[in-house]
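Student: Please find run.txt (compact mmCIF, C-alpha atoms) on the next line:
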```txt
# COMPACT_ATOMS: atom_id res chain seq x y z
CA MET A 111 12.23 35.56 42.90
CA ALA A 112 12.83 31.81 42.75
CA GLU A 113 13.74 32.09 39.04
CA THR A 114 16.29 34.83 39.81
CA GLU A 115 17.87 32.74 42.57
CA ALA A 116 18.06 29.72 40.27
CA ALA A 117 19.68 31.86 37.54
CA LEU A 118 22.28 33.14 40.02
CA ARG A 119 23.08 29.58 41.16
CA THR A 120 23.54 28.48 37.54
CA LEU A 121 25.77 31.50 36.85
CA ALA A 122 27.84 30.80 39.97
CA HIS A 123 28.37 27.17 38.99
CA ASN A 124 29.28 28.00 35.39
CA VAL A 125 31.75 30.75 36.30
CA ARG A 126 33.49 28.57 38.88
CA ALA A 127 33.66 25.61 36.46
CA ALA A 128 35.01 27.75 33.60
CA ARG A 129 37.58 29.37 35.88
CA ASN A 130 38.79 25.97 37.10
CA ARG A 131 39.02 24.64 33.54
CA ALA A 132 41.13 27.65 32.62
CA GLY A 133 43.35 27.11 35.67
CA LEU A 134 42.81 30.65 36.93
CA SER A 135 42.69 31.81 40.52
CA LEU A 136 40.12 34.36 41.64
CA ASP A 137 42.86 36.98 41.75
CA GLU A 138 44.08 36.21 38.22
CA LEU A 139 40.60 36.09 36.69
CA GLY A 140 39.73 39.35 38.39
CA ARG A 141 42.90 41.01 37.11
CA ARG A 142 42.37 39.88 33.51
CA ALA A 143 38.64 40.66 33.43
CA LYS A 144 39.00 43.88 35.47
CA VAL A 145 36.54 42.63 38.09
CA SER A 146 37.24 42.93 41.80
CA LYS A 147 38.01 39.77 43.77
CA GLY A 148 35.17 40.59 46.15
CA ALA A 149 32.68 40.72 43.29
CA LEU A 150 33.95 37.36 41.97
CA VAL A 151 33.71 35.73 45.39
CA ALA A 152 30.12 36.96 45.74
CA LEU A 153 29.29 35.82 42.20
CA GLU A 154 30.60 32.29 42.80
CA LYS A 155 28.49 32.17 45.98
CA ALA A 156 25.38 33.09 43.94
CA GLN A 157 25.17 36.47 45.64
CA GLY A 158 24.93 40.00 44.28
CA ASN A 159 23.65 41.14 40.90
CA PRO A 160 26.42 41.30 38.27
CA ASN A 161 25.77 43.72 35.43
CA PHE A 162 25.93 42.97 31.73
CA ALA A 163 29.37 44.56 31.22
CA THR A 164 30.84 42.36 33.97
CA LEU A 165 29.40 39.22 32.38
CA VAL A 166 30.80 40.18 28.97
CA ARG A 167 34.30 40.78 30.40
CA LEU A 168 34.23 37.47 32.27
CA ALA A 169 33.02 35.55 29.21
CA ASP A 170 35.67 37.10 26.96
CA THR A 171 38.42 36.40 29.51
CA LEU A 172 37.32 32.79 29.93
CA GLY A 173 36.99 32.31 26.16
CA ILE A 174 33.29 31.38 26.22
CA SER A 175 29.98 33.05 25.40
CA VAL A 176 27.82 34.99 27.84
CA SER A 177 25.09 32.42 27.29
CA ALA A 178 27.47 29.64 28.33
CA LEU A 179 27.72 31.41 31.68
CA MET A 180 23.97 31.88 32.01
CA GLU A 181 22.39 28.69 30.75
CA GLY A 182 21.91 25.37 32.49
CA ARG A 183 21.52 22.04 30.80
CA THR A 184 19.06 21.93 27.93
CA GLU A 185 16.74 19.03 27.26
CA GLY A 186 14.92 18.06 24.11
CA ARG A 187 15.43 18.85 20.45
CA VAL A 188 13.40 22.05 20.36
CA ARG A 189 13.57 25.03 22.71
CA VAL A 190 10.90 27.71 22.68
CA VAL A 191 11.72 30.76 24.79
CA SER A 192 9.35 33.63 25.55
CA ALA A 193 10.86 37.08 26.06
CA ASP A 194 8.79 37.74 29.18
CA THR A 195 10.41 34.74 30.92
CA VAL A 196 13.96 36.02 30.32
CA MET A 197 15.48 38.53 32.73
CA PRO A 198 17.09 41.58 31.02
CA LEU A 199 20.88 41.58 31.29
CA TRP A 200 21.03 45.31 30.60
CA THR A 201 18.53 48.09 31.18
CA GLY A 202 18.90 51.77 30.34
CA GLU A 203 17.64 54.71 32.34
CA GLN A 204 15.04 55.50 29.66
CA GLY A 205 13.69 51.95 29.36
CA SER A 206 16.06 50.33 26.87
CA GLU A 207 16.93 46.71 27.54
CA ALA A 208 18.73 43.63 26.20
CA ARG A 209 17.58 40.05 26.79
CA LEU A 210 19.66 36.98 25.95
CA MET A 211 17.06 34.59 24.58
CA LEU A 212 19.16 31.48 23.96
CA THR A 213 22.34 30.14 22.41
CA THR A 214 22.79 27.43 19.82
CA SER A 215 25.20 24.55 20.22
CA GLY A 216 27.91 23.30 17.89
CA PRO A 217 31.42 24.41 16.92
CA ALA A 218 30.26 28.01 16.28
CA PRO A 219 27.66 28.78 18.99
CA THR A 220 25.33 31.69 18.30
CA GLU A 221 23.71 33.90 20.91
CA VAL A 222 20.27 35.28 20.07
CA TRP A 223 19.35 38.58 21.75
CA ARG A 224 16.29 40.81 21.80
CA TRP A 225 17.08 44.51 22.16
CA LYS A 226 14.85 47.51 22.79
CA LEU A 227 16.43 50.94 22.31
CA GLU A 228 14.69 54.15 23.26
CA PRO A 229 15.47 57.30 21.19
CA GLY A 230 18.76 58.84 22.27
CA GLU A 231 19.77 55.96 24.55
CA GLU A 232 22.81 53.85 23.72
CA TYR A 233 24.87 50.89 24.84
CA PRO A 234 28.65 51.05 24.21
CA SER A 235 30.51 47.72 24.06
CA HIS A 236 34.21 47.04 24.32
CA PRO A 237 35.83 44.87 21.61
CA HIS A 238 35.14 41.14 21.87
CA GLN A 239 37.60 38.35 21.22
CA ALA A 240 38.71 37.77 17.63
CA GLY A 241 36.29 35.59 15.66
CA VAL A 242 33.09 37.09 17.10
CA VAL A 243 30.65 38.30 14.43
CA GLU A 244 27.55 40.30 15.36
CA THR A 245 24.45 40.75 13.21
CA VAL A 246 21.62 43.18 13.94
CA SER A 247 18.19 43.02 12.28
CA VAL A 248 15.88 45.95 13.04
CA THR A 249 12.21 44.94 13.19
CA ALA A 250 10.75 48.31 14.21
CA GLY A 251 12.04 51.87 14.48
CA ARG A 252 15.59 52.83 13.66
CA MET A 253 19.03 52.75 15.28
CA THR A 254 22.57 53.93 14.67
CA LEU A 255 25.26 51.28 14.73
CA ILE A 256 28.67 52.74 15.52
CA VAL A 257 31.65 50.50 14.72
CA ASP A 258 35.16 51.76 15.35
CA GLY A 259 33.89 55.34 15.43
CA VAL A 260 31.94 55.18 12.15
CA GLU A 261 28.13 55.62 12.27
CA HIS A 262 25.82 53.38 10.23
CA PRO A 263 22.03 54.04 10.25
CA VAL A 264 19.96 50.84 10.30
CA GLU A 265 16.17 51.01 9.84
CA ALA A 266 13.27 48.58 10.10
CA GLY A 267 13.66 45.83 7.51
CA GLN A 268 17.44 46.23 7.34
CA THR A 269 20.19 43.94 8.65
CA ALA A 270 23.82 44.80 9.35
CA THR A 271 26.75 42.59 10.29
CA PHE A 272 30.27 43.35 11.52
CA ASP A 273 33.30 41.86 13.26
CA GLY A 274 32.89 42.30 17.00
CA ASP A 275 36.58 42.75 17.78
CA ALA A 276 36.25 46.53 17.34
CA PRO A 277 34.59 49.02 19.72
CA HIS A 278 30.90 49.28 18.88
CA THR A 279 27.79 51.04 20.13
CA TYR A 280 24.04 50.52 19.68
CA ARG A 281 22.08 53.79 19.76
CA GLY A 282 18.36 54.34 19.45
CA THR A 283 17.44 57.07 16.95
CA GLY A 284 14.29 58.50 15.47
CA THR A 285 11.17 59.25 17.52
CA THR A 286 9.93 55.75 18.41
CA THR A 287 11.30 52.71 20.22
CA CYS A 288 13.69 50.60 18.15
CA HIS A 289 13.27 46.82 18.36
CA LEU A 290 15.96 44.54 16.99
CA ILE A 291 17.25 40.98 17.00
CA MET A 292 20.99 40.65 17.52
CA THR A 293 22.98 37.47 16.99
CA SER A 294 26.55 37.00 18.15
CA THR A 295 28.49 34.08 16.66
CA CYS A 296 31.94 32.98 17.78
CA HIS A 297 33.75 31.29 14.92
CA PRO A 298 36.50 28.88 16.01
CA ALA A 299 40.04 29.80 15.06
CA PRO A 300 41.26 27.97 11.93
CA PRO A 301 43.83 25.22 12.46
CA PRO A 302 47.45 26.13 11.75
CA PRO A 303 48.57 25.46 8.16
CA LEU A 304 50.29 22.18 7.48
CA THR A 305 54.05 22.38 7.03
CA ARG A 306 55.17 21.07 3.67
CA PRO A 307 58.60 19.56 3.19
CA CYS A 308 60.99 21.83 1.37
CA VAL A 309 62.14 20.52 -2.04
CA ARG A 310 65.67 21.60 -2.78
CA PRO A 311 66.97 22.08 -6.36
CA GLY A 312 68.42 18.83 -7.60
CA ASP A 313 66.45 16.71 -5.12
CA VAL A 314 65.04 14.31 -7.72
CA SER A 315 63.42 12.12 -5.07
CA HIS A 316 60.59 14.70 -4.72
CA ALA A 317 60.50 15.93 -8.32
CA VAL A 318 57.69 15.08 -10.69
CA ARG A 319 59.16 13.97 -14.02
CA PRO A 320 57.27 14.45 -17.27
CA PRO A 321 56.26 11.27 -19.08
```
Take the structure in the file and give it back as structure tokens.

Tutor:
Amino acid sequence: MAETEAALRTLAHNVRAARNRAGLSLDELGRRAKVSKGALVALEKAQGNPNFATLVRLADTLGISVSALMEGRTEGRVRVVSADTVMPLWTGEQGSEARLMLTTSGPAPTEVWRWKLEPGEEYPSHPHQAGVVETVSVTAGRMTLIVDGVEHPVEAGQTATFDGDAPHTYRGTGTTTCHLIMTSTCHPAPPPPLTRPCVRPGDVSHAVRPP
């Protein structure tokens, strides 16, 4: 219980700080993320229990990762995280779940998730911001990855990657539980191209003359 309360306090602080950095009011953030103002007020007071879809919409609207909303300060060079110490951010009715294990730092932060998909159960995701790349590696069982309406079977020992700015769904298939590792990396937008001066015909000051 104490760990859950601490996680909610960290989430409340991070959402409020990100909202202030973006210069957004509660009303404006709620409108853009499609989250009610009442839910945002409760969240920033470390109350309630926001679901995974709400966290994803908030993170995308604020231009940061879900893990940036969830994690506090990290200490030390090495982090070792056990799955049983991480609270699931999504659970399905048949026992499926998704746990955000950690995120890396740097210019292209990567979220590392552990997913468990029961046969026939699925998680549909709305498109993420441009630059997000997801990779799924199935370690046991099999799943169907649906990207922009096209189904792709992925089995144990296989890895698939795709741009996350399209609608996508994770679905458990087969007869046994599917276990997979998913990474989500947000690549920074490239800088705008440099503008070169235009060389007009007859402008010998910029021409390169042969020897």

Student: Figure out the distance between atom CA of A:Leu139 and atom CA of A:Glu244, please, to one decimal in Å.

Tutor: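 So the answer is 25.4 Å.
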
Student: Find the residue from A:His262, A:His238, A:Arg252, A:Lys144 that sits nearest to A:Asp275; use only C-alpha atoms when measuring.

Tutor: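 So, comparing all the options, the nearest one is A:His238.
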
Student: List every protein, DNA or RNA residue that has an atom no more than 10 Å from (12.4, 51.0, 17.3) in the file's coordinate frame, counting all atoms listed in the file, and report them as a PyMOL selection string.

Tutor: chain A and resi 225-229+248-253+265-266+282-290

Student: Pick from A:Thr293, A:Leu210, A:Asn130, A:Leu121: nearest to A:Ala156, with only C-alpha atoms counted?

Tutor: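 Of all the options, A:Leu121 lies closest to A:Ala156.
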
Student: Using all atoms listed in the file, determine which residues lie at most 12 Å from A:Leu153, disregarding the query and same-chain residues fewer than 2 positions distant; provide the list as a PyMOL selection string.

Tutor: chain A and resi 115+117-126+136+140+145-151+155-161+164-165+168+179

Student: Write the residues you've just listed into a file as a PDB file, keeping the file's coordinate frame, and include C-alpha atoms for each of them.

Tutor:
```pdb
ATOM      1  CA  GLU A 115      17.870  32.740  42.570  1.00  0.00           C
ATOM      2  CA  ALA A 117      19.680  31.860  37.540  1.00  0.00           C
ATOM      3  CA  LEU A 118      22.280  33.140  40.020  1.00  0.00           C
ATOM      4  CA  ARG A 119      23.080  29.580  41.160  1.00  0.00           C
ATOM      5  CA  THR A 120      23.540  28.480  37.540  1.00  0.00           C
ATOM      6  CA  LEU A 121      25.770  31.500  36.850  1.00  0.00           C
ATOM      7  CA  ALA A 122      27.840  30.800  39.970  1.00  0.00           C
ATOM      8  CA  HIS A 123      28.370  27.170  38.990  1.00  0.00           C
ATOM      9  CA  ASN A 124      29.280  28.000  35.390  1.00  0.00           C
ATOM     10  CA  VAL A 125      31.750  30.750  36.300  1.00  0.00           C
ATOM     11  CA  ARG A 126      33.490  28.570  38.880  1.00  0.00           C
ATOM     12  CA  LEU A 136      40.120  34.360  41.640  1.00  0.00           C
ATOM     13  CA  GLY A 140      39.730  39.350  38.390  1.00  0.00           C
ATOM     14  CA  VAL A 145      36.540  42.630  38.090  1.00  0.00           C
ATOM     15  CA  SER A 146      37.240  42.930  41.800  1.00  0.00           C
ATOM     16  CA  LYS A 147      38.010  39.770  43.770  1.00  0.00           C
ATOM     17  CA  GLY A 148      35.170  40.590  46.150  1.00  0.00           C
ATOM     18  CA  ALA A 149      32.680  40.720  43.290  1.00  0.00           C
ATOM     19  CA  LEU A 150      33.950  37.360  41.970  1.00  0.00           C
ATOM     20  CA  VAL A 151      33.710  35.730  45.390  1.00  0.00           C
ATOM     21  CA  LYS A 155      28.490  32.170  45.980  1.00  0.00           C
ATOM     22  CA  ALA A 156      25.380  33.090  43.940  1.00  0.00           C
ATOM     23  CA  GLN A 157      25.170  36.470  45.640  1.00  0.00           C
ATOM     24  CA  GLY A 158      24.930  40.000  44.280  1.00  0.00           C
ATOM     25  CA  ASN A 159      23.650  41.140  40.900  1.00  0.00           C
ATOM     26  CA  PRO A 160      26.420  41.300  38.270  1.00  0.00           C
ATOM     27  CA  ASN A 161      25.770  43.720  35.430  1.00  0.00           C
ATOM     28  CA  THR A 164      30.840  42.360  33.970  1.00  0.00           C
ATOM     29  CA  LEU A 165      29.400  39.220  32.380  1.00  0.00           C
ATOM     30  CA  LEU A 168      34.230  37.470  32.270  1.00  0.00           C
ATOM     31  CA  LEU A 179      27.720  31.410  31.680  1.00  0.00           C
TER      32      LEU A 179
END
```

Student: Restricting the calculation to only C-alpha atoms, which member of A:Thr171, A:Asp194, A:Ser247, A:Tyr233 is positioned closest to A:Arg141?

Tutor: A:Thr171

Student: Please, what distance in Å, to one decimal, runs between atom CA of A:Pro277 and atom CA of A:His236?

Tutor: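 It comes out at 5.0 Å.
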